[in-house]
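Q: This is the content of coords.csv (CSV, C-alpha atoms and all ligand atoms):
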```csv
chain,number,residue,atom,x,y,z
E,9,MET,CA,26.7,20.3,-27.4
E,10,ASN,CA,26.6,22.6,-24.4
E,11,ARG,CA,22.9,23.3,-24.9
E,12,GLN,CA,22.1,19.6,-25.3
E,13,ARG,CA,23.8,18.7,-22.0
E,14,LEU,CA,22.0,21.6,-20.3
E,15,SER,CA,18.6,20.5,-21.7
E,16,ALA,CA,19.2,16.9,-20.7
E,17,ALA,CA,20.2,17.9,-17.2
E,18,ARG,CA,17.2,20.2,-16.8
E,19,LYS,CA,14.8,17.5,-18.0
E,20,ARG,CA,16.3,15.0,-15.6
E,21,ILE,CA,16.1,17.4,-12.7
E,22,HIS,CA,12.4,17.9,-13.4
E,23,GLN,CA,11.9,14.2,-13.4
E,24,LEU,CA,13.8,13.8,-10.1
E,25,GLN,CA,11.8,16.7,-8.6
E,26,GLN,CA,8.5,14.9,-9.4
E,27,ALA,CA,9.7,11.6,-8.1
E,28,MET,CA,11.0,13.2,-4.9
E,29,GLU,CA,7.7,15.0,-4.4
E,30,ASP,CA,5.8,11.7,-4.6
E,31,ASP,CA,8.1,10.1,-2.0
E,32,LEU,CA,7.9,13.1,0.3
E,33,ARG,CA,4.1,12.5,0.5
E,34,VAL,CA,4.9,9.1,1.9
E,35,PHE,CA,7.0,10.6,4.7
E,36,LEU,CA,4.4,13.3,5.6
E,37,GLU,CA,1.6,10.9,6.3
E,38,ARG,CA,0.4,10.7,9.9
E,39,THR,CA,-0.4,7.0,10.0
E,40,PRO,CA,1.6,4.8,12.5
E,41,LEU,CA,4.3,2.5,11.3
E,42,LEU,CA,5.5,-0.8,12.8
E,43,LYS,CA,9.0,-2.1,12.2
E,44,GLY,CA,8.5,-5.6,11.1
E,45,ARG,CA,7.1,-7.8,8.4
E,46,LEU,CA,3.9,-9.9,8.3
E,47,TYR,CA,4.0,-13.1,6.3
E,48,GLU,CA,2.2,-16.4,5.8
E,49,ALA,CA,4.2,-19.4,7.1
E,50,GLN,CA,3.6,-23.1,6.6
E,51,THR,CA,3.9,-25.0,9.8
E,52,ARG,CA,3.5,-28.4,11.5
E,53,CYS,CA,1.7,-28.5,14.8
E,54,GLY,CA,3.4,-31.7,16.0
E,55,LYS,CA,0.2,-33.5,17.1
E,56,PRO,CA,0.4,-37.1,16.2
E,57,GLY,CA,-2.1,-38.2,13.5
E,58,CYS,CA,-2.5,-34.6,12.2
E,59,ARG,CA,-2.7,-34.1,8.5
E,60,CYS,CA,0.4,-31.9,8.7
E,61,ASN,CA,2.5,-35.0,9.4
E,62,ARG,CA,1.4,-36.2,5.9
E,63,GLY,CA,2.7,-33.1,4.3
E,64,GLU,CA,-0.5,-31.0,4.4
E,65,LEU,CA,1.0,-28.1,6.3
E,66,HIS,CA,-1.0,-25.6,8.3
E,67,THR,CA,-0.7,-21.9,7.3
E,68,ALA,CA,-0.3,-19.2,9.9
E,69,MET,CA,0.3,-15.5,9.8
E,70,VAL,CA,3.6,-14.6,11.4
E,71,LEU,CA,4.7,-11.2,12.5
E,72,ALA,CA,8.5,-10.8,12.4
E,73,TYR,CA,8.8,-7.9,14.9
E,74,ARG,CA,11.9,-5.8,14.6
E,75,GLY,CA,11.0,-2.7,16.6
E,76,GLY,CA,12.5,-3.2,20.0
E,77,GLU,CA,15.7,-4.4,21.4
E,78,LYS,CA,14.4,-8.0,21.3
E,79,GLN,CA,13.5,-9.1,17.8
E,80,TYR,CA,11.1,-12.0,17.6
E,81,ASN,CA,8.4,-13.7,15.5
E,82,ARG,CA,4.9,-14.3,16.8
E,83,CYS,CA,1.6,-15.4,15.5
E,84,PRO,CA,-0.9,-12.5,16.0
E,85,ALA,CA,-4.5,-12.9,16.8
E,86,ASP,CA,-6.8,-12.9,13.8
E,87,GLN,CA,-8.5,-9.6,14.7
E,88,ASP,CA,-5.1,-7.8,14.9
E,89,ILE,CA,-3.9,-9.0,11.5
E,90,PRO,CA,-5.5,-6.2,9.4
E,91,LEU,CA,-3.9,-3.5,11.6
E,92,LEU,CA,-0.5,-5.1,11.7
E,93,HIS,CA,-0.7,-5.6,7.9
E,94,GLU,CA,-1.4,-2.0,7.5
E,95,MET,CA,1.3,-0.7,9.8
E,96,THR,CA,4.1,-3.0,8.6
E,97,GLY,CA,3.1,-2.4,5.0
E,98,ARG,CA,3.3,1.3,5.4
E,99,TYR,CA,6.7,0.9,7.1
E,100,GLN,CA,8.0,-1.1,4.1
E,101,ASP,CA,6.6,1.7,1.8
E,102,PHE,CA,8.3,4.3,4.0
E,103,ARG,CA,11.7,2.5,3.9
E,104,GLN,CA,11.5,2.0,0.1
E,105,ALA,CA,10.6,5.7,-0.4
E,106,ARG,CA,13.5,6.6,1.8
E,107,ALA,CA,15.9,4.5,-0.2
E,108,ARG,CA,14.7,6.0,-3.5
E,109,LEU,CA,15.1,9.5,-2.0
E,110,VAL,CA,18.7,8.8,-1.0
E,111,LYS,CA,19.4,7.6,-4.6
E,112,ALA,CA,17.5,10.5,-6.2
E,113,SER,CA,19.3,13.0,-4.0
E,114,ARG,CA,22.7,11.8,-5.1
E,115,GLU,CA,21.6,12.0,-8.8
E,116,LEU,CA,20.1,15.4,-8.2
E,117,LEU,CA,23.5,16.7,-6.9
E,118,GLU,CA,25.2,15.2,-10.0
E,119,GLN,CA,22.8,16.9,-12.3
E,120,ILE,CA,23.2,20.2,-10.5
E,121,GLY,CA,26.9,19.7,-11.0
E,122,VAL,CA,26.3,19.3,-14.8
E,123,MET,CA,24.1,22.5,-14.7
E,124,GLU,CA,26.8,24.4,-12.9
E,125,ARG,CA,29.6,23.3,-15.3
E,126,GLU,CA,27.6,24.0,-18.5
E,127,ARG,CA,26.2,27.3,-17.4
E,128,LEU,CA,29.7,28.5,-16.2
E,129,ALA,CA,31.0,27.4,-19.7
E,130,LEU,CA,28.3,29.5,-21.3
E,131,GLY,CA,29.1,32.4,-19.1
E,132,GLU,CA,32.8,32.2,-19.9
E,133,GLU,CA,32.0,32.1,-23.6
E,134,ARG,CA,29.9,35.3,-23.3
E,135,PHE,CA,32.4,36.9,-21.0
E,136,ARG,CA,35.2,36.4,-23.6
E,137,LYS,CA,33.2,38.4,-26.1
E,138,THR,CA,32.8,41.4,-23.9
E,139,GLU,CA,35.0,44.4,-24.4
E,140,THR,CA,38.2,44.7,-22.5
E,141,GLY,CA,37.5,47.7,-20.3
E,142,LYS,CA,39.7,50.0,-18.5
E,143,ARG,CA,41.9,48.6,-15.8
E,144,VAL,CA,40.7,48.9,-12.3
E,145,PRO,CA,42.4,51.9,-10.9
E,201,ZN,ZN,-1.0,-30.4,12.4
```
Output the structure of this file as structure tokens.
A:
Amino acid sequence: MNRQRLSAARKRIHQLQQAMEDDLRVFLERTPLLKGRLYEAQTRCGKPGCRCNRGELHTAMVLAYRGGEKQYNRCPADQDIPLLHEMTGRYQDFRQARARLVKASRELLEQIGVMERERLALGEERFRKTETGKRVP
């Protein structure tokens, strides 16, 4: 029973170590991040007679910028979209990796707790089988 718990904990710790190593790679990259999200929005231009008034909406890329004190949405220039897509995408990846790491760290501590309890139990078992020696003078 003891051995099974130890073995399961050890296996899980190895899995967590692997997952955490993968996420650490995301943090160690050197590429710039931008706090925000880029998405495609459907809009009406408001011009009378435009097709959007008949339900054929325009599509526009919108940057929801969340980096400064003021948060705002704006439509970036076409030539900037690939860069903004890259930087905001990497930021989302970074945040997701961070959330996974927080969760994995908690579980790692739990599994380390299991290892400690089970190994101490093993040690106690062996200790009880040792000879009773002389009393400490
Ligand atoms: Zn329109």
Q: Compute the set of protein, DNA and RNA residues whose minimum atom distance to ligand ZN 201 (chain E) is at most 10 Å, using only C-alpha atoms and all ligand atoms, and state it as number ranges by chain.
A: E: 51-67
Q: How many Å separate CA of Arg13 in chain E from CA of Thr138 in chain E?
A: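 Atom-to-atom, CA of Arg13 in chain E to CA of Thr138 in chain E, that is 24.5 Å.
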Q: Mind listing as number ranges by chain all residues within 8 Å of (5.2, 1.2, 12.0), counting only C-alpha atoms?
A: E: 40-44, 95-96, 98-99
Q: The selected residues should be written to file as a CSV table (one decimal), in the coordinates of the input (atoms: C-alpha atoms).
A:
```csv
chain,number,residue,atom,x,y,z
E,40,PRO,CA,1.6,4.8,12.5
E,41,LEU,CA,4.3,2.5,11.3
E,42,LEU,CA,5.5,-0.8,12.8
E,43,LYS,CA,9.0,-2.1,12.2
E,44,GLY,CA,8.5,-5.6,11.1
E,95,MET,CA,1.3,-0.7,9.8
E,96,THR,CA,4.1,-3.0,8.6
E,98,ARG,CA,3.3,1.3,5.4
E,99,TYR,CA,6.7,0.9,7.1
```
Q: For Phe102 in chain E, which of E:Thr39, E:Asn81, E:Ser15, E:Gln23 is the closest residue, counting all atoms listed in the file?
A: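 Going through E:Thr39, E:Asn81, E:Ser15, E:Gln23 one by one, the smallest distance to Phe102 in chain E is for E:Thr39.
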Q: Residues around (5.0, -12.8, 18.0), cut-off 8 Å, counting only C-alpha atoms - what are they as a ChimeraX atom specification?
A: /E:70-73,80-84
Q: Can I get the selection written as a short mmCIF file (atom, residue, chain, number, x, y, z; two decimals), keeping the file's coordinate frame, with C-alpha atoms?
A:
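Final output, result15.cif:
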```cif
data_model
loop_
_atom_site.label_atom_id
_atom_site.label_comp_id
_atom_site.auth_asym_id
_atom_site.auth_seq_id
_atom_site.Cartn_x
_atom_site.Cartn_y
_atom_site.Cartn_z
CA VAL E 70 3.60 -14.60 11.40
CA LEU E 71 4.70 -11.20 12.50
CA ALA E 72 8.50 -10.80 12.40
CA TYR E 73 8.80 -7.90 14.90
CA TYR E 80 11.10 -12.00 17.60
CA ASN E 81 8.40 -13.70 15.50
CA ARG E 82 4.90 -14.30 16.80
CA CYS E 83 1.60 -15.40 15.50
CA PRO E 84 -0.90 -12.50 16.00
#
```
Q: Please measure the separation of CA of Glu48 in chain E and CA of Ile89 in chain E, giving the value in Å to one decimal.
A: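 CA of Ile89 in chain E lies 11.2 Å from CA of Glu48 in chain E.
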Q: Given the block above, output range 92-110 of chain E with N, CA and C atoms as a PDB file, in the first residue's frame.
A:
```pdb
ATOM      1  N   LEU E  92       1.156  42.597 -34.218  1.00  0.00           N
ATOM      2  CA  LEU E  92       0.260  42.656 -33.059  1.00  0.00           C
ATOM      3  C   LEU E  92      -0.314  41.277 -32.745  1.00  0.00           C
ATOM      4  N   HIS E  93      -0.610  40.533 -33.804  1.00  0.00           N
ATOM      5  CA  HIS E  93      -1.118  39.170 -33.639  1.00  0.00           C
ATOM      6  C   HIS E  93      -0.084  38.303 -32.918  1.00  0.00           C
ATOM      7  N   GLU E  94       1.156  38.442 -33.347  1.00  0.00           N
ATOM      8  CA  GLU E  94       2.264  37.696 -32.759  1.00  0.00           C
ATOM      9  C   GLU E  94       2.448  38.042 -31.274  1.00  0.00           C
ATOM     10  N   MET E  95       2.509  39.340 -30.983  1.00  0.00           N
ATOM     11  CA  MET E  95       2.803  39.773 -29.609  1.00  0.00           C
ATOM     12  C   MET E  95       1.663  39.473 -28.644  1.00  0.00           C
ATOM     13  N   THR E  96       0.418  39.689 -29.094  1.00  0.00           N
ATOM     14  CA  THR E  96      -0.718  39.403 -28.198  1.00  0.00           C
ATOM     15  C   THR E  96      -0.902  37.889 -28.050  1.00  0.00           C
ATOM     16  N   GLY E  97      -0.641  37.154 -29.118  1.00  0.00           N
ATOM     17  CA  GLY E  97      -0.743  35.690 -29.048  1.00  0.00           C
ATOM     18  C   GLY E  97       0.256  35.120 -28.056  1.00  0.00           C
ATOM     19  N   ARG E  98       1.478  35.636 -28.113  1.00  0.00           N
ATOM     20  CA  ARG E  98       2.505  35.164 -27.178  1.00  0.00           C
ATOM     21  C   ARG E  98       2.160  35.562 -25.744  1.00  0.00           C
ATOM     22  N   TYR E  99       1.534  36.704 -25.605  1.00  0.00           N
ATOM     23  CA  TYR E  99       1.118  37.112 -24.259  1.00  0.00           C
ATOM     24  C   TYR E  99       0.063  36.154 -23.703  1.00  0.00           C
ATOM     25  N   GLN E 100      -0.904  35.775 -24.555  1.00  0.00           N
ATOM     26  CA  GLN E 100      -1.925  34.805 -24.117  1.00  0.00           C
ATOM     27  C   GLN E 100      -1.259  33.481 -23.736  1.00  0.00           C
ATOM     28  N   ASP E 101      -0.304  33.031 -24.553  1.00  0.00           N
ATOM     29  CA  ASP E 101       0.418  31.784 -24.260  1.00  0.00           C
ATOM     30  C   ASP E 101       1.146  31.891 -22.914  1.00  0.00           C
ATOM     31  N   PHE E 102       1.773  33.050 -22.708  1.00  0.00           N
ATOM     32  CA  PHE E 102       2.516  33.284 -21.473  1.00  0.00           C
ATOM     33  C   PHE E 102       1.593  33.176 -20.261  1.00  0.00           C
ATOM     34  N   ARG E 103       0.443  33.846 -20.354  1.00  0.00           N
ATOM     35  CA  ARG E 103      -0.501  33.833 -19.226  1.00  0.00           C
ATOM     36  C   ARG E 103      -1.076  32.444 -18.973  1.00  0.00           C
ATOM     37  N   GLN E 104      -1.340  31.715 -20.065  1.00  0.00           N
ATOM     38  CA  GLN E 104      -1.864  30.360 -19.903  1.00  0.00           C
ATOM     39  C   GLN E 104      -0.817  29.462 -19.252  1.00  0.00           C
ATOM     40  N   ALA E 105       0.430  29.614 -19.695  1.00  0.00           N
ATOM     41  CA  ALA E 105       1.510  28.810 -19.114  1.00  0.00           C
ATOM     42  C   ALA E 105       1.672  29.147 -17.634  1.00  0.00           C
ATOM     43  N   ARG E 106       1.539  30.425 -17.315  1.00  0.00           N
ATOM     44  CA  ARG E 106       1.667  30.854 -15.921  1.00  0.00           C
ATOM     45  C   ARG E 106       0.565  30.228 -15.065  1.00  0.00           C
ATOM     46  N   ALA E 107      -0.657  30.237 -15.570  1.00  0.00           N
ATOM     47  CA  ALA E 107      -1.780  29.649 -14.829  1.00  0.00           C
ATOM     48  C   ALA E 107      -1.553  28.145 -14.619  1.00  0.00           C
ATOM     49  N   ARG E 108      -1.051  27.478 -15.669  1.00  0.00           N
ATOM     50  CA  ARG E 108      -0.772  26.043 -15.531  1.00  0.00           C
ATOM     51  C   ARG E 108       0.318  25.800 -14.489  1.00  0.00           C
ATOM     52  N   LEU E 109       1.320  26.683 -14.497  1.00  0.00           N
ATOM     53  CA  LEU E 109       2.432  26.516 -13.559  1.00  0.00           C
ATOM     54  C   LEU E 109       1.970  26.700 -12.110  1.00  0.00           C
ATOM     55  N   VAL E 110       1.085  27.661 -11.878  1.00  0.00           N
ATOM     56  CA  VAL E 110       0.551  27.878 -10.528  1.00  0.00           C
ATOM     57  C   VAL E 110      -0.156  26.612 -10.051  1.00  0.00           C
TER      58      VAL E 110
END
```
